[in-house]
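> Just one file: entry32.cif, with mmCIF, C-alpha atoms and all ligand atoms.
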data_upload
#
loop_
_atom_site.label_atom_id
_atom_site.label_comp_id
_atom_site.auth_asym_id
_atom_site.auth_seq_id
_atom_site.Cartn_x
_atom_site.Cartn_y
_atom_site.Cartn_z
CA MET A 1 110.88 118.19 108.64
CA ARG A 2 108.95 116.56 105.84
CA ALA A 3 107.14 113.47 107.05
CA PHE A 4 104.54 110.87 106.14
CA ILE A 5 103.02 107.70 107.49
CA GLY A 6 103.10 104.59 105.37
CA LEU A 7 103.45 100.86 105.10
CA GLY A 8 106.77 99.24 104.29
CA PRO A 9 106.28 95.93 102.49
CA PRO A 10 108.07 92.82 103.77
CA ASP A 11 111.36 91.79 102.14
CA THR A 12 109.71 89.12 99.98
CA VAL A 13 107.48 91.78 98.41
CA ARG A 14 110.36 94.25 98.10
CA ASP A 15 112.32 91.56 96.26
CA ALA A 16 109.40 90.89 93.91
CA LEU A 17 109.03 94.62 93.22
CA ASP A 18 112.78 94.91 92.68
CA GLY A 19 112.55 92.08 90.13
CA LEU A 20 109.72 93.84 88.35
CA GLN A 21 111.64 97.13 88.32
CA SER A 22 114.68 95.45 86.81
CA ASP A 23 112.63 94.85 83.64
CA LEU A 24 111.84 98.57 83.38
CA ARG A 25 114.53 100.24 81.34
CA VAL A 26 113.26 103.79 81.68
CA GLY A 27 112.76 106.40 84.37
CA ARG A 28 114.19 106.76 87.84
CA LEU A 29 113.51 103.65 89.88
CA VAL A 30 112.61 103.90 93.55
CA ASP A 31 115.29 102.04 95.54
CA PRO A 32 114.00 98.83 97.17
CA GLU A 33 114.51 100.20 100.69
CA ASN A 34 112.41 103.27 99.80
CA LEU A 35 109.39 101.34 98.49
CA HIS A 36 106.30 102.13 100.59
CA LEU A 37 102.55 102.68 100.45
CA THR A 38 101.68 106.17 101.70
CA LEU A 39 98.77 106.37 104.14
CA ALA A 40 99.08 109.99 105.28
CA PHE A 41 101.29 112.68 103.77
CA LEU A 42 102.00 115.09 106.65
CA GLY A 43 104.09 117.69 104.81
CA GLU A 44 106.42 119.91 106.83
CA VAL A 45 106.00 119.20 110.53
CA ASP A 46 107.94 120.78 113.40
CA LEU A 47 109.60 118.59 116.01
CA PRO A 48 107.22 119.27 118.93
CA THR A 49 104.23 118.42 116.71
CA LEU A 50 105.96 115.26 115.48
CA GLU A 51 106.72 114.21 119.06
CA ALA A 52 103.07 114.75 120.06
CA LEU A 53 101.96 112.78 117.01
CA HIS A 54 104.38 109.98 117.90
CA LEU A 55 102.70 109.57 121.32
CA ASP A 56 99.24 109.56 119.73
CA LEU A 57 100.27 107.04 117.05
CA GLN A 58 101.43 104.66 119.79
CA GLN A 59 97.82 104.57 121.06
CA ILE A 60 96.37 103.41 117.74
CA THR A 61 95.22 99.81 117.63
CA PHE A 62 94.10 97.84 114.60
CA ALA A 63 93.65 94.18 113.76
CA PRO A 64 96.27 92.82 111.34
CA PHE A 65 94.96 92.48 107.82
CA ASP A 66 96.18 91.23 104.46
CA LEU A 67 97.21 93.59 101.71
CA ARG A 68 97.69 92.63 98.09
CA LEU A 69 99.59 94.64 95.49
CA ALA A 70 98.29 94.02 91.99
CA GLY A 71 98.01 95.91 88.71
CA LEU A 72 100.27 98.64 87.38
CA GLU A 73 99.08 102.17 86.84
CA LEU A 74 100.51 105.35 85.40
CA PHE A 75 99.84 108.73 87.00
CA GLY A 76 100.09 111.93 85.06
CA GLY A 77 97.83 111.45 82.06
CA ALA A 78 99.28 111.79 78.58
CA ARG A 79 102.70 112.60 80.00
CA PRO A 80 103.14 109.99 82.70
CA ARG A 81 105.16 111.04 85.72
CA VAL A 82 104.82 108.04 87.99
CA LEU A 83 104.51 104.28 87.59
CA SER A 84 103.03 102.48 90.55
CA ILE A 85 101.47 99.21 91.61
CA ARG A 86 97.99 99.37 93.15
CA GLY A 87 97.19 98.30 96.68
CA GLN A 88 93.79 96.78 97.27
CA ALA A 89 91.77 99.36 99.18
CA GLY A 90 89.82 96.99 101.40
CA PRO A 91 87.91 98.25 104.46
CA PRO A 92 90.74 97.52 106.97
CA LEU A 93 93.23 99.61 104.96
CA ARG A 94 90.72 102.46 104.64
CA ALA A 95 89.88 102.24 108.35
CA LEU A 96 93.56 102.42 109.31
CA ARG A 97 94.08 105.38 107.00
CA ALA A 98 91.04 107.15 108.48
CA LYS A 99 92.42 106.62 112.02
CA LEU A 100 95.81 107.98 111.00
CA HIS A 101 94.26 111.02 109.38
CA SER A 102 92.09 111.87 112.36
CA THR A 103 95.04 111.33 114.71
CA ALA A 104 97.26 113.61 112.63
CA ARG A 105 94.54 116.27 112.46
CA GLY A 106 94.13 115.94 116.24
CA ALA A 107 97.85 116.70 116.56
CA GLY A 108 97.30 119.91 114.60
CA ILE A 109 98.53 118.74 111.21
CA ASP A 110 96.66 120.03 108.18
CA LEU A 111 96.37 117.09 105.78
CA PRO A 112 95.63 117.49 102.08
CA ARG A 113 92.16 116.12 101.25
CA ALA A 114 92.72 113.83 98.33
CA ARG A 115 91.02 110.67 97.17
CA PHE A 116 92.82 107.62 98.51
CA ARG A 117 94.51 105.70 95.71
CA PRO A 118 96.66 103.20 97.55
CA HIS A 119 99.80 102.49 95.59
CA VAL A 120 103.50 101.79 95.83
CA THR A 121 105.49 104.05 93.54
CA LEU A 122 107.98 102.09 91.45
CA ALA A 123 109.47 104.74 89.15
CA ARG A 124 109.27 108.39 88.21
CA PHE A 125 109.66 109.87 84.73
CA ARG A 126 110.75 113.17 83.25
CA ARG A 127 107.91 115.10 81.67
CA ASP A 128 109.75 115.19 78.34
CA MET A 129 110.09 111.44 77.88
CA PRO A 130 111.94 110.60 74.64
CA PRO A 131 109.88 108.53 72.13
CA ASP A 132 112.22 105.54 72.60
CA ASP A 133 111.49 105.52 76.31
CA THR A 134 107.75 105.85 75.70
CA ALA A 135 107.97 102.74 73.53
CA LYS A 136 109.96 100.87 76.19
CA LEU A 137 107.43 101.84 78.85
CA GLY A 138 104.61 100.63 76.60
CA ARG A 139 106.33 97.26 76.16
CA PHE A 140 106.91 96.97 79.89
CA LEU A 141 103.23 97.67 80.57
CA SER A 142 102.09 95.15 77.96
CA ALA A 143 104.17 92.50 79.69
CA HIS A 144 103.42 93.38 83.33
CA ALA A 145 100.25 95.48 83.63
CA ASP A 146 98.36 92.65 85.33
CA VAL A 147 101.08 91.66 87.77
CA ALA A 148 99.67 90.31 91.05
CA LEU A 149 101.83 89.70 94.09
CA PRO A 150 100.93 87.40 96.97
CA ALA A 151 99.06 89.11 99.80
CA PHE A 152 101.10 89.97 102.88
CA PRO A 153 100.03 90.69 106.45
CA VAL A 154 100.06 94.31 107.62
CA GLU A 155 101.03 94.25 111.27
CA ALA A 156 102.57 97.70 111.64
CA PHE A 157 102.70 101.14 110.12
CA THR A 158 105.70 103.44 109.98
CA LEU A 159 106.42 107.14 110.43
CA TYR A 160 108.92 108.26 107.80
CA ARG A 161 111.01 111.31 107.30
CA SER A 162 111.38 112.32 103.66
CA HIS A 163 114.71 113.71 102.51
CA LEU A 164 114.48 115.51 99.19
CA SER A 165 117.53 115.77 96.98
CA PRO A 166 118.21 116.41 93.30
CA ASP A 167 118.79 112.63 92.93
CA GLY A 168 115.32 111.85 94.28
CA ALA A 169 113.76 111.47 97.69
CA THR A 170 114.94 109.02 100.32
CA TYR A 171 112.73 107.91 103.16
CA GLU A 172 114.05 107.36 106.65
CA PRO A 173 111.87 105.26 108.97
CA LEU A 174 111.59 107.18 112.27
CA ALA A 175 109.35 104.79 114.19
CA ASP A 176 107.32 101.61 113.66
CA TYR A 177 103.93 101.17 115.29
CA PRO A 178 103.20 97.44 115.48
CA VAL A 179 99.82 96.03 116.44
CA PRO A 180 99.91 95.03 120.08
CA ALA A 181 100.83 91.33 120.45
O1 LIG B 201 103.59 107.15 97.86
P1 LIG B 201 104.12 108.12 96.86
O2 LIG B 201 105.51 107.85 96.44
O3 LIG B 201 103.19 108.34 95.73
O4 LIG B 201 104.39 111.58 96.24
C1 LIG B 201 104.85 111.59 97.55
C2 LIG B 201 105.10 110.22 98.09
O5 LIG B 201 104.04 109.45 97.65
C3 LIG B 201 103.74 112.06 98.45
O6 LIG B 201 104.11 111.59 99.74
C4 LIG B 201 104.88 110.41 99.59
C5 LIG B 201 106.15 110.55 100.37
O7 LIG B 201 106.84 111.70 99.96
N1 LIG B 201 103.59 113.51 98.44
C6 LIG B 201 104.56 114.42 98.26
N2 LIG B 201 104.03 115.66 98.30
C7 LIG B 201 102.70 115.52 98.51
C8 LIG B 201 101.61 116.41 98.65
N3 LIG B 201 101.79 117.74 98.60
C9 LIG B 201 102.43 114.14 98.60
N4 LIG B 201 101.19 113.67 98.79
C10 LIG B 201 100.20 114.58 98.91
N5 LIG B 201 100.40 115.90 98.84
#
Please re-express this file's structure in structure tokens.

Amino acid sequence: MRAFIGLGPPDTVRDALDGLQSDLRVGRLVDPENLHLTLAFLGEVDLPTLEALHLDLQQITFAPFDLRLAGLELFGGARPRVLSIRGQAGPPLRALRAKLHSTARGAGIDLPRARFRPHVTLARFRRDMPPDDTAKLGRFLSAHADVALPAFPVEAFTLYRSHLSPDGATYEPLADYPVPA
């Protein structure tokens, strides 16, 4: 199955992101329950590997830390494909990501080596965006590019299964890994 490890924001942050999205009149919005910050994209993983990874993930410890989402960004260059909000990439977030990556590699999962650009995807766009929509997106960015949400505590990470469909992906939380009390 297709899987990844990420952070699910608390409901207050989901609500704030939902409010922001409601001002965006273009693209395909990510449903509030699907909003997440990806820490490790695992790709296709078989069940025995996922079960082994699950045991290893339960052994990970980290101190809770604060995460702030602030600033909108477009991915995809001249023809934007994705609108997201940036996560601050402080040392605790990078350290947690590094632990997750080495744990996943230890479980035999081959992770893509990409620069870490922490973000929560808000919407996706068709490559052939009509000019009207480009203008609407521009207005949305002028109004909201510098949005800054209150920091929230990260006290757990989540293993997700990704279900792809023609209507867009949905993400099913398989397990939460909270910091030990
Ligand atoms: O956090 P976002 O929404 O940007 O884009 C996919 C999504 O990220 C990303 O994994 C998250 C859950 O599906 N993703 C999909 N395919 C990927 C790949 N081949 C990928 N990330 C890296 N490499």
> Would you compute the distance between atom CA of A:Arg117 and atom CA of A:Asp23? Give it in Å to one decimal.
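If I compute the distance from atom CA of A:Arg117 to atom CA of A:Asp23, I get 24.3 Å.
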> List the spatial neighbours of A:Phe116 as a list in words - criterion: any atom at most 9 Å away, all atoms listed in the file, same-chain residues fewer than 2 positions off excluded.
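Residues near the query, excluding close chain neighbours: Leu39, Ala89, Arg94, Arg97, Arg113, Ala114 and Pro118 of chain A.
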> Counting all atoms listed in the file, what is within 12 Å of A:Pro48, bar same-chain residues fewer than 6 positions away, as a ChimeraX atom specification?
/A:1,54-55,107-109
> Write a file of the just-selected residues containing C-alpha atoms, as a short mmCIF file (atom, residue, chain, number, x, y, z; two decimals), in the coordinates of the input.

data_model
loop_
_atom_site.label_atom_id
_atom_site.label_comp_id
_atom_site.auth_asym_id
_atom_site.auth_seq_id
_atom_site.Cartn_x
_atom_site.Cartn_y
_atom_site.Cartn_z
CA MET A 1 110.88 118.19 108.64
CA HIS A 54 104.38 109.98 117.90
CA LEU A 55 102.70 109.57 121.32
CA ALA A 107 97.85 116.70 116.56
CA GLY A 108 97.30 119.91 114.60
CA ILE A 109 98.53 118.74 111.21
#
> Could you list, as a VMD selection string, every residue within 10 Å of A:Val120, counting only C-alpha atoms and ignoring same-chain residues fewer than 6 positions away?
chain A and resid 6 to 9 17 30 34 to 38 69 72 83 to 87
> For A:Gln59, which of A:Thr103, A:Gln21, A:Pro10, A:Ala181 is the closest residue, counting all atoms listed in the file?
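Ranking A:Thr103, A:Gln21, A:Pro10, A:Ala181 by distance to A:Gln59, first place goes to A:Thr103.
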> Please report the interatomic distance between atom CA of A:Pro91 and atom CA of A:Thr170 in Å with one decimal.
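Interatomic distance here is 29.4 Å.
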> Suppose you want the space between atom CA of A:Ala70 and atom CA of A:Ala123; what is it in Å?
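One can read the atom CA of A:Ala70 to atom CA of A:Ala123 distance as 15.7 Å.
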> Taking all atoms listed in the file into account, which of A:Gly90, A:Pro173, A:Pro153, A:Pro131 comes nearest ligand LIG 201 (chain B)?
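Smallest distance to ligand LIG 201 (chain B) is found for A:Pro173.
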> Taking (100.2, 110.2, 108.6) in the file's coordinates as the center, which residues reach within 7 Å of it, counting only C-alpha atoms, put as a PyMOL selection string?
chain A and resi 4-5+39-42+100-101+104
> In terms of the shortest atom-to-atom distance over all atoms listed in the file, which of A:His119, A:Lys99, A:Arg139, A:Arg105 is closest to ligand LIG 201 (chain B)?
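Residue with the minimum atom-to-atom distance to ligand LIG 201 (chain B): A:His119.
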> Could you tell me which of A:His163, A:Arg79, A:Arg127, A:Arg28 comes closest to ligand LIG 201 (chain B) if we count only C-alpha atoms and all ligand atoms?
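With only C-alpha atoms and all ligand atoms as the atom set, the closest residue is A:His163.
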> Have a look at A:Phe140, A:Phe125, A:Tyr171, A:Tyr177 and name the one nearest to ligand LIG 201 (chain B); count all atoms listed in the file.
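Going through A:Phe140, A:Phe125, A:Tyr171, A:Tyr177 one by one, the smallest distance to ligand LIG 201 (chain B) is for A:Tyr171.
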> Under the rule that all atoms listed in the file are counted, which of A:Ala3, A:Leu29, A:Ala95, A:Leu53 is the nearest residue to ligand LIG 201 (chain B)?
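Counting all atoms listed in the file, the residue closest to ligand LIG 201 (chain B) is A:Ala3.
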